[in-house]
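Structure data follow from upload.tsv (TSV, C-alpha atoms and all ligand atoms):
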chain	number	residue	atom	x	y	z
A	1	MET	CA	0.00	0.00	0.00
A	2	LEU	CA	1.30	3.53	-0.75
A	3	SER	CA	2.05	5.69	2.28
A	4	THR	CA	1.00	9.36	2.35
A	5	GLU	CA	4.66	10.28	1.97
A	6	THR	CA	4.97	8.18	-1.20
A	7	LEU	CA	1.83	9.74	-2.62
A	8	CYS	CA	3.26	13.22	-1.98
A	9	GLU	CA	6.50	12.27	-3.73
A	10	LEU	CA	4.52	11.05	-6.71
A	11	SER	CA	2.48	14.24	-6.84
A	12	GLN	CA	5.65	16.38	-6.89
A	13	ASP	CA	6.74	14.53	-10.03
A	14	TYR	CA	3.36	14.95	-11.69
A	15	ARG	CA	3.22	17.08	-14.80
A	16	PRO	CA	0.06	17.60	-16.84
A	17	CYS	CA	0.05	15.94	-20.24
A	18	GLU	CA	-3.07	17.52	-21.76
A	19	PHE	CA	-2.99	21.00	-23.25
A	20	ARG	CA	-5.23	23.21	-25.37
A	21	VAL	CA	-4.04	26.05	-27.55
A	22	LYS	CA	-6.57	28.86	-27.99
A	23	TRP	CA	-7.08	32.60	-28.30
A	24	ALA	CA	-7.09	34.01	-24.77
A	25	ASP	CA	-10.58	35.10	-23.72
A	26	SER	CA	-10.15	35.46	-19.92
A	27	ALA	CA	-8.28	37.99	-17.83
A	28	TRP	CA	-6.30	35.23	-16.01
A	29	GLU	CA	-5.07	33.86	-19.32
A	30	ILE	CA	-3.77	37.28	-20.39
A	31	THR	CA	-2.20	37.90	-16.96
A	32	GLN	CA	-0.39	34.54	-16.96
A	33	ALA	CA	0.69	34.94	-20.60
A	34	ARG	CA	2.29	38.31	-19.81
A	35	ARG	CA	4.02	36.87	-16.75
A	36	LEU	CA	5.39	34.02	-18.90
A	37	ARG	CA	6.66	36.52	-21.49
A	38	ARG	CA	8.46	38.45	-18.76
A	39	ASP	CA	9.98	35.23	-17.40
A	40	VAL	CA	11.25	34.20	-20.84
A	41	PHE	CA	12.18	37.46	-22.61
A	42	CYS	CA	13.30	39.54	-19.59
A	43	ASP	CA	14.67	37.07	-17.02
A	44	GLU	CA	15.77	34.08	-19.11
A	45	GLN	CA	16.90	35.65	-22.40
A	46	GLN	CA	17.44	39.21	-21.10
A	47	VAL	CA	16.21	40.66	-24.40
A	48	PHE	CA	14.23	43.33	-22.53
A	49	ALA	CA	14.74	44.92	-19.14
A	50	GLY	CA	11.82	44.70	-16.72
A	51	ASP	CA	8.92	44.38	-19.17
A	52	ASP	CA	8.50	43.36	-22.81
A	53	LEU	CA	5.12	45.02	-23.48
A	54	ASP	CA	5.07	47.40	-26.45
A	55	ALA	CA	2.61	49.28	-28.65
A	56	ILE	CA	1.71	46.11	-30.58
A	57	ASP	CA	0.06	44.74	-27.44
A	58	THR	CA	-2.69	47.36	-27.74
A	59	GLN	CA	-3.93	45.69	-30.94
A	60	ALA	CA	-2.54	42.13	-30.85
A	61	LYS	CA	-4.50	38.96	-30.12
A	62	THR	CA	-2.93	36.85	-27.40
A	63	LEU	CA	-2.85	33.08	-27.87
A	64	VAL	CA	-2.26	30.73	-24.95
A	65	ALA	CA	-1.43	27.09	-24.36
A	66	VAL	CA	-3.32	26.00	-21.25
A	67	SER	CA	-2.61	22.81	-19.32
A	68	GLN	CA	-5.69	20.78	-18.36
A	69	LEU	CA	-6.23	19.00	-15.05
A	70	GLY	CA	-9.22	16.68	-14.85
A	71	GLY	CA	-10.54	18.29	-18.02
A	72	MET	CA	-10.41	21.78	-16.47
A	73	PRO	CA	-8.06	24.61	-17.48
A	74	ASP	CA	-5.13	24.91	-15.05
A	75	GLN	CA	-2.28	27.21	-16.07
A	76	VAL	CA	-0.82	29.02	-19.07
A	77	VAL	CA	2.33	27.19	-20.22
A	78	GLY	CA	2.82	28.88	-23.59
A	79	THR	CA	1.88	31.99	-25.51
A	80	VAL	CA	2.30	33.93	-28.74
A	81	ARG	CA	0.65	37.06	-30.11
A	82	ILE	CA	-0.53	37.96	-33.62
A	83	HIS	CA	-1.49	41.24	-35.23
A	84	SER	CA	-2.40	42.63	-38.62
A	85	GLU	CA	-0.16	45.46	-39.80
A	86	GLU	CA	-2.25	46.13	-42.91
A	87	PRO	CA	-5.04	44.22	-44.69
A	88	GLY	CA	-3.66	40.80	-45.62
A	89	LEU	CA	-0.34	41.20	-43.79
A	90	TRP	CA	-0.06	39.56	-40.34
A	91	TRP	CA	2.81	39.13	-37.90
A	92	GLY	CA	3.46	36.70	-35.07
A	93	SER	CA	5.71	37.57	-32.13
A	94	ARG	CA	6.64	36.81	-28.50
A	95	LEU	CA	6.38	33.03	-28.90
A	96	ALA	CA	7.27	31.49	-25.55
A	97	VAL	CA	6.80	28.12	-23.85
A	98	ASP	CA	7.46	27.66	-20.13
A	99	ALA	CA	10.93	26.09	-19.79
A	100	ALA	CA	9.43	23.15	-17.87
A	101	PHE	CA	7.19	22.30	-20.83
A	102	ARG	CA	9.55	22.70	-23.80
A	103	GLN	CA	9.82	19.78	-26.19
A	104	HIS	CA	7.19	18.20	-23.98
A	105	GLY	CA	4.13	17.95	-26.16
A	106	ARG	CA	4.55	20.07	-29.31
A	107	ILE	CA	3.15	23.09	-27.49
A	108	GLY	CA	5.24	25.60	-29.45
A	109	ALA	CA	4.40	23.97	-32.78
A	110	THR	CA	0.66	24.02	-31.97
A	111	LEU	CA	0.84	27.71	-30.95
A	112	ILE	CA	2.43	28.45	-34.35
A	113	ARG	CA	-0.28	26.39	-36.10
A	114	LEU	CA	-3.15	28.29	-34.45
A	115	ALA	CA	-1.40	31.66	-34.88
A	116	VAL	CA	-1.17	31.25	-38.65
A	117	SER	CA	-4.44	29.37	-39.19
A	118	SER	CA	-6.53	31.84	-37.19
A	119	ALA	CA	-4.98	34.76	-39.07
A	120	HIS	CA	-5.64	32.89	-42.34
A	121	ALA	CA	-9.33	32.74	-41.44
A	122	ARG	CA	-9.29	36.54	-40.99
A	123	GLY	CA	-7.97	37.41	-44.42
A	124	CYS	CA	-4.24	36.88	-43.94
A	125	ARG	CA	-2.38	36.42	-47.21
A	126	ILE	CA	1.16	36.93	-45.85
A	127	PHE	CA	2.20	35.79	-42.36
A	128	LEU	CA	5.66	36.86	-41.18
A	129	ALA	CA	7.79	36.61	-38.03
A	130	HIS	CA	11.24	37.69	-36.89
A	131	VAL	CA	12.54	34.33	-35.70
A	132	GLN	CA	15.53	33.97	-33.38
A	133	SER	CA	18.05	32.05	-35.44
A	134	GLN	CA	18.33	29.12	-33.00
A	135	ASN	CA	14.66	28.44	-33.75
A	136	THR	CA	14.87	28.67	-37.57
A	137	PRO	CA	15.09	24.84	-37.95
A	138	LEU	CA	11.84	24.47	-35.96
A	139	PHE	CA	10.03	26.93	-38.25
A	140	LYS	CA	11.47	25.36	-41.43
A	141	ARG	CA	10.06	22.01	-40.31
A	142	LEU	CA	6.69	23.75	-39.97
A	143	HIS	CA	6.74	25.00	-43.60
A	144	TRP	CA	8.20	28.45	-43.11
A	145	GLN	CA	10.73	29.98	-45.49
A	146	ALA	CA	13.62	32.22	-44.41
A	147	LEU	CA	13.55	35.48	-46.39
A	148	LYS	CA	16.57	37.28	-44.95
A	149	GLN	CA	18.94	37.36	-42.01
A	150	GLU	CA	18.71	40.29	-39.63
A	151	SER	CA	19.89	41.46	-36.24
A	152	LEU	CA	17.26	42.51	-33.67
A	153	HIS	CA	17.91	43.44	-30.04
A	154	GLY	CA	21.56	42.52	-30.69
A	155	ARG	CA	20.64	38.91	-31.54
A	156	PRO	CA	20.66	37.06	-34.89
A	157	HIS	CA	17.20	36.57	-36.38
A	158	ASP	CA	15.67	35.37	-39.64
A	159	LEU	CA	12.70	37.11	-41.23
A	160	MET	CA	10.46	34.14	-42.06
A	161	GLN	CA	7.18	33.59	-43.93
A	162	ALA	CA	4.66	30.79	-43.37
A	163	ASP	CA	3.43	28.75	-46.33
A	164	LEU	CA	-0.33	29.20	-45.88
A	165	VAL	CA	-1.08	26.05	-47.90
A	166	HIS	CA	-0.09	24.13	-44.77
A	167	TYR	CA	-2.27	26.26	-42.46
A	168	PRO	CA	-5.96	25.79	-43.30
A	169	PRO	CA	-8.14	28.59	-41.87
A	170	CYS	CA	-9.29	28.15	-38.26
A	171	TYR	CA	-12.64	29.87	-37.74
A	172	ASP	CA	-13.06	29.02	-34.04
A	173	PRO	CA	-9.83	30.15	-32.33
A	174	ILE	CA	-11.48	30.50	-28.91
A	175	SER	CA	-11.96	26.71	-28.94
A	176	GLY	CA	-8.59	26.33	-30.67
A	177	TYR	CA	-6.80	23.00	-30.89
A	178	PRO	CA	-5.86	20.25	-28.44
A	179	VAL	CA	-2.09	19.72	-28.42
A	180	PRO	CA	-1.47	16.27	-29.91
A	181	ARG	CA	-0.06	13.81	-27.39
A	182	ARG	CA	3.58	12.93	-28.01
A	183	SER	CA	3.76	9.21	-28.77
A	184	VAL	CA	5.85	7.20	-26.34
A	185	ALA	CA	8.33	4.82	-27.99
B	201	LIG	C1	11.02	28.00	-29.31
B	201	LIG	C2	10.02	27.38	-28.37
B	201	LIG	C3	8.75	28.22	-28.34
B	201	LIG	C4	9.65	25.96	-28.90
B	201	LIG	O1	8.59	25.43	-28.10
B	201	LIG	P1	8.47	23.87	-27.77
B	201	LIG	O2	7.14	23.65	-27.15
B	201	LIG	O3	9.67	23.40	-27.02
B	201	LIG	O4	8.53	23.23	-29.23
B	201	LIG	P2	7.78	21.90	-29.70
B	201	LIG	O5	7.84	20.85	-28.62
B	201	LIG	O6	6.44	22.24	-30.23
B	201	LIG	O7	8.72	21.49	-30.92
B	201	LIG	C5	8.21	20.77	-32.05
B	201	LIG	C6	9.33	19.95	-32.64
B	201	LIG	O8	10.42	20.82	-32.99
B	201	LIG	C7	11.59	20.49	-32.23
B	201	LIG	N1	12.21	21.76	-31.81
B	201	LIG	C8	11.82	22.60	-30.83
B	201	LIG	N2	12.63	23.67	-30.78
B	201	LIG	C9	13.55	23.50	-31.74
B	201	LIG	C10	14.65	24.27	-32.20
B	201	LIG	N3	14.98	25.45	-31.62
B	201	LIG	N4	15.39	23.78	-33.23
B	201	LIG	C11	15.09	22.60	-33.81
B	201	LIG	N5	14.02	21.83	-33.44
B	201	LIG	C12	13.28	22.28	-32.41
B	201	LIG	C13	11.08	19.67	-31.05
B	201	LIG	O9	12.06	18.78	-30.59
B	201	LIG	C14	9.90	18.95	-31.66
B	201	LIG	O10	10.38	17.86	-32.42
B	201	LIG	P3	9.50	16.51	-32.62
B	201	LIG	O11	8.22	16.93	-33.30
B	201	LIG	O12	10.36	15.64	-33.49
B	201	LIG	O13	9.27	15.94	-31.26
B	201	LIG	C15	10.61	27.23	-26.93
B	201	LIG	O14	11.83	26.54	-27.01
B	201	LIG	C16	10.84	28.57	-26.22
B	201	LIG	O15	9.93	29.13	-25.61
B	201	LIG	N6	12.08	29.10	-26.28
B	201	LIG	C17	12.43	30.34	-25.57
B	201	LIG	C18	11.80	31.57	-26.19
B	201	LIG	C19	12.06	31.67	-27.66
B	201	LIG	O16	13.14	31.36	-28.15
B	201	LIG	N7	11.04	32.15	-28.38
B	201	LIG	C20	11.02	32.15	-29.80
B	201	LIG	C21	11.44	33.44	-30.33
B	201	LIG	S1	11.55	33.31	-32.12

Can I see the file as structure tokens?
Amino acid sequence: MLSTETLCELSQDYRPCEFRVKWADSAWEITQARRLRRDVFCDEQQVFAGDDLDAIDTQAKTLVAVSQLGGMPDQVVGTVRIHSEEPGLWWGSRLAVDAAFRQHGRIGATLIRLAVSSAHARGCRIFLAHVQSQNTPLFKRLHWQALKQESLHGRPHDLMQADLVHYPPCYDPISGYPVPRRSVA
């Protein structure tokens, strides 16, 4: 029989394995997404000092990856934002997954999928992002093309464009997508 102590040890190791990627529609989702951005872009990468909010946040849509516990939303473990600069031209930025959940369940890839597909459903014809160069292989695997190299915030980036053929329009981004479970070998 398991002792209480053993049960507690097990619960410390527990990590959720179900996630949903969606447009944020609650204040707690936005709050947690902004905290995650600060953790990643200010504390971890030190790209910005103190806060990474900018003018784009006044018009951008925030997307979140939310872990599920017992079928209920639990916490934001990933985020990205999208905005339209002009009719047909959309940008994605501030893609971040909590360090504890990276390469865990294709959370980043699913955020990219909903970012592009939900913009596609809203008239996007060109979807671009300034991608940190260490992530260019990830985006190439997801059918993005590098257009040019650039330096932003003192770091190497690639300007990249998504191939919309691989991103069918998503008309219900508030429901979004479940993150596919990683198969166990
Ligand atoms: C980049 C980032 C969002 C990726 O999120 P993630 O949830 O770990 O990525 P995923 O698990 O969805 O990756 C999908 C696949 O690409 C691979 N992959 C992930 N990051 C990669 C990278 N930088 N280069 C090459 N492959 C990568 C994964 O191993 C996985 O492979 P698989 O399908 O064979 O299992 C995450 O590493 C992160 O938040 N980094 C810090 C912030 C950052 O760099 N933001 C991006 C600014 S452009």

- Message: Can you pull out the residues contacting A:Leu69? Cut-off 9 Å, using only C-alpha atoms, and skip same-chain residues under 6 positions away; I want them as a PyMOL selection string.
- Response: chain A and resi 16-18

Just to be explicit: take each residue in the selection above, keep C-alpha atoms, and write the result as a compact mmCIF listing (two decimals), in the coordinates of the input.
# COMPACT_ATOMS: atom_id res chain seq x y z
CA PRO A 16 0.06 17.60 -16.84
CA CYS A 17 0.05 15.94 -20.24
CA GLU A 18 -3.07 17.52 -21.76

- Item | Test item: residues no farther than 9 Å from ligand LIG 201 (chain B), counting only C-alpha atoms and all ligand atoms, as a VMD selection string | chain A and resid 37 40 to 41 44 to 45 78 to 80 93 to 99 101 to 112 129 to 142 157 to 158 182

Would you give me, as JSON lines, each residue of stretch 109-146 of chain A having an atom within 12 Å of an atom of stretch 82-85 of chain A, along with its shortest atom pair and that distance in Å to one decimal, using only C-alpha atoms and sorting by chain and residue number?
{"residue": "A:Leu111", "atom": "CA", "partner": "A:Ile82", "partner_atom": "CA", "distance": 10.7}
{"residue": "A:Ile112", "atom": "CA", "partner": "A:Ile82", "partner_atom": "CA", "distance": 10.0}
{"residue": "A:Arg113", "atom": "CA", "partner": "A:Ile82", "partner_atom": "CA", "distance": 11.8}
{"residue": "A:Leu114", "atom": "CA", "partner": "A:Ile82", "partner_atom": "CA", "distance": 10.1}
{"residue": "A:Ala115", "atom": "CA", "partner": "A:Ile82", "partner_atom": "CA", "distance": 6.5}
{"residue": "A:Val116", "atom": "CA", "partner": "A:Ile82", "partner_atom": "CA", "distance": 8.4}
{"residue": "A:Ser117", "atom": "CA", "partner": "A:Ile82", "partner_atom": "CA", "distance": 11.0}
{"residue": "A:Ser118", "atom": "CA", "partner": "A:Ile82", "partner_atom": "CA", "distance": 9.3}
{"residue": "A:Ala119", "atom": "CA", "partner": "A:Ile82", "partner_atom": "CA", "distance": 7.7}
{"residue": "A:His120", "atom": "CA", "partner": "A:Ser84", "partner_atom": "CA", "distance": 10.9}
{"residue": "A:Arg122", "atom": "CA", "partner": "A:Ser84", "partner_atom": "CA", "distance": 9.5}
{"residue": "A:Gly123", "atom": "CA", "partner": "A:Ser84", "partner_atom": "CA", "distance": 9.6}
{"residue": "A:Cys124", "atom": "CA", "partner": "A:Ser84", "partner_atom": "CA", "distance": 8.0}
{"residue": "A:Arg125", "atom": "CA", "partner": "A:Ser84", "partner_atom": "CA", "distance": 10.6}
{"residue": "A:Ile126", "atom": "CA", "partner": "A:Ser84", "partner_atom": "CA", "distance": 9.9}
{"residue": "A:Phe127", "atom": "CA", "partner": "A:Ser84", "partner_atom": "CA", "distance": 9.1}
{"residue": "A:Leu128", "atom": "CA", "partner": "A:Ile82", "partner_atom": "CA", "distance": 9.8}
{"residue": "A:Ala129", "atom": "CA", "partner": "A:Ile82", "partner_atom": "CA", "distance": 9.5}

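Of the residues under consideration (A:Val165, A:His153, A:Leu63, A:Gln68), A:Leu63 shows the shortest atom-to-atom contact distance to A:Arg81 when counting all atoms listed in the file.
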
Please, which residues are within 8 Å of (-0.1, 33.2, -19.2) by the file's coordinates, counting only C-alpha atoms, and could they come as a PDB file with C-alpha atoms, in the frame of the given file?
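Result went into point-v8.pdb, see below:
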ATOM      1  CA  TRP A  28      -6.300  35.230 -16.010  1.00  0.00           C
ATOM      2  CA  GLU A  29      -5.070  33.860 -19.320  1.00  0.00           C
ATOM      3  CA  ILE A  30      -3.770  37.280 -20.390  1.00  0.00           C
ATOM      4  CA  THR A  31      -2.200  37.900 -16.960  1.00  0.00           C
ATOM      5  CA  GLN A  32      -0.390  34.540 -16.960  1.00  0.00           C
ATOM      6  CA  ALA A  33       0.690  34.940 -20.600  1.00  0.00           C
ATOM      7  CA  ARG A  34       2.290  38.310 -19.810  1.00  0.00           C
ATOM      8  CA  ARG A  35       4.020  36.870 -16.750  1.00  0.00           C
ATOM      9  CA  LEU A  36       5.390  34.020 -18.900  1.00  0.00           C
ATOM     10  CA  ARG A  37       6.660  36.520 -21.490  1.00  0.00           C
ATOM     11  CA  VAL A  64      -2.260  30.730 -24.950  1.00  0.00           C
ATOM     12  CA  GLN A  75      -2.280  27.210 -16.070  1.00  0.00           C
ATOM     13  CA  VAL A  76      -0.820  29.020 -19.070  1.00  0.00           C
ATOM     14  CA  VAL A  77       2.330  27.190 -20.220  1.00  0.00           C
ATOM     15  CA  GLY A  78       2.820  28.880 -23.590  1.00  0.00           C
ATOM     16  CA  THR A  79       1.880  31.990 -25.510  1.00  0.00           C
TER      17      THR A  79
END

- Mind giving me the straight-line distance from atom CA of A:Arg155 to atom CA of A:Leu89 in Å, one decimal? 24.4 Å

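Going from atom CA of A:Gly92 over to atom CA of A:Asp57, you cover 11.6 Å.
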
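Residue nearest A:Gly176 within the list A:Asp163, A:Asp43, A:Asp25, A:Asp51: A:Asp25 [criterion: smallest interatomic distance, all atoms listed in the file].
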
- Neighbours of A:Tyr177 within 7 Å (only C-alpha atoms; same-chain residues fewer than 2 positions away dropped), as number ranges by chain? A: 20-22, 175, 179

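Atom CA of A:Ala121 lies 21.1 Å from atom CA of A:Thr58.
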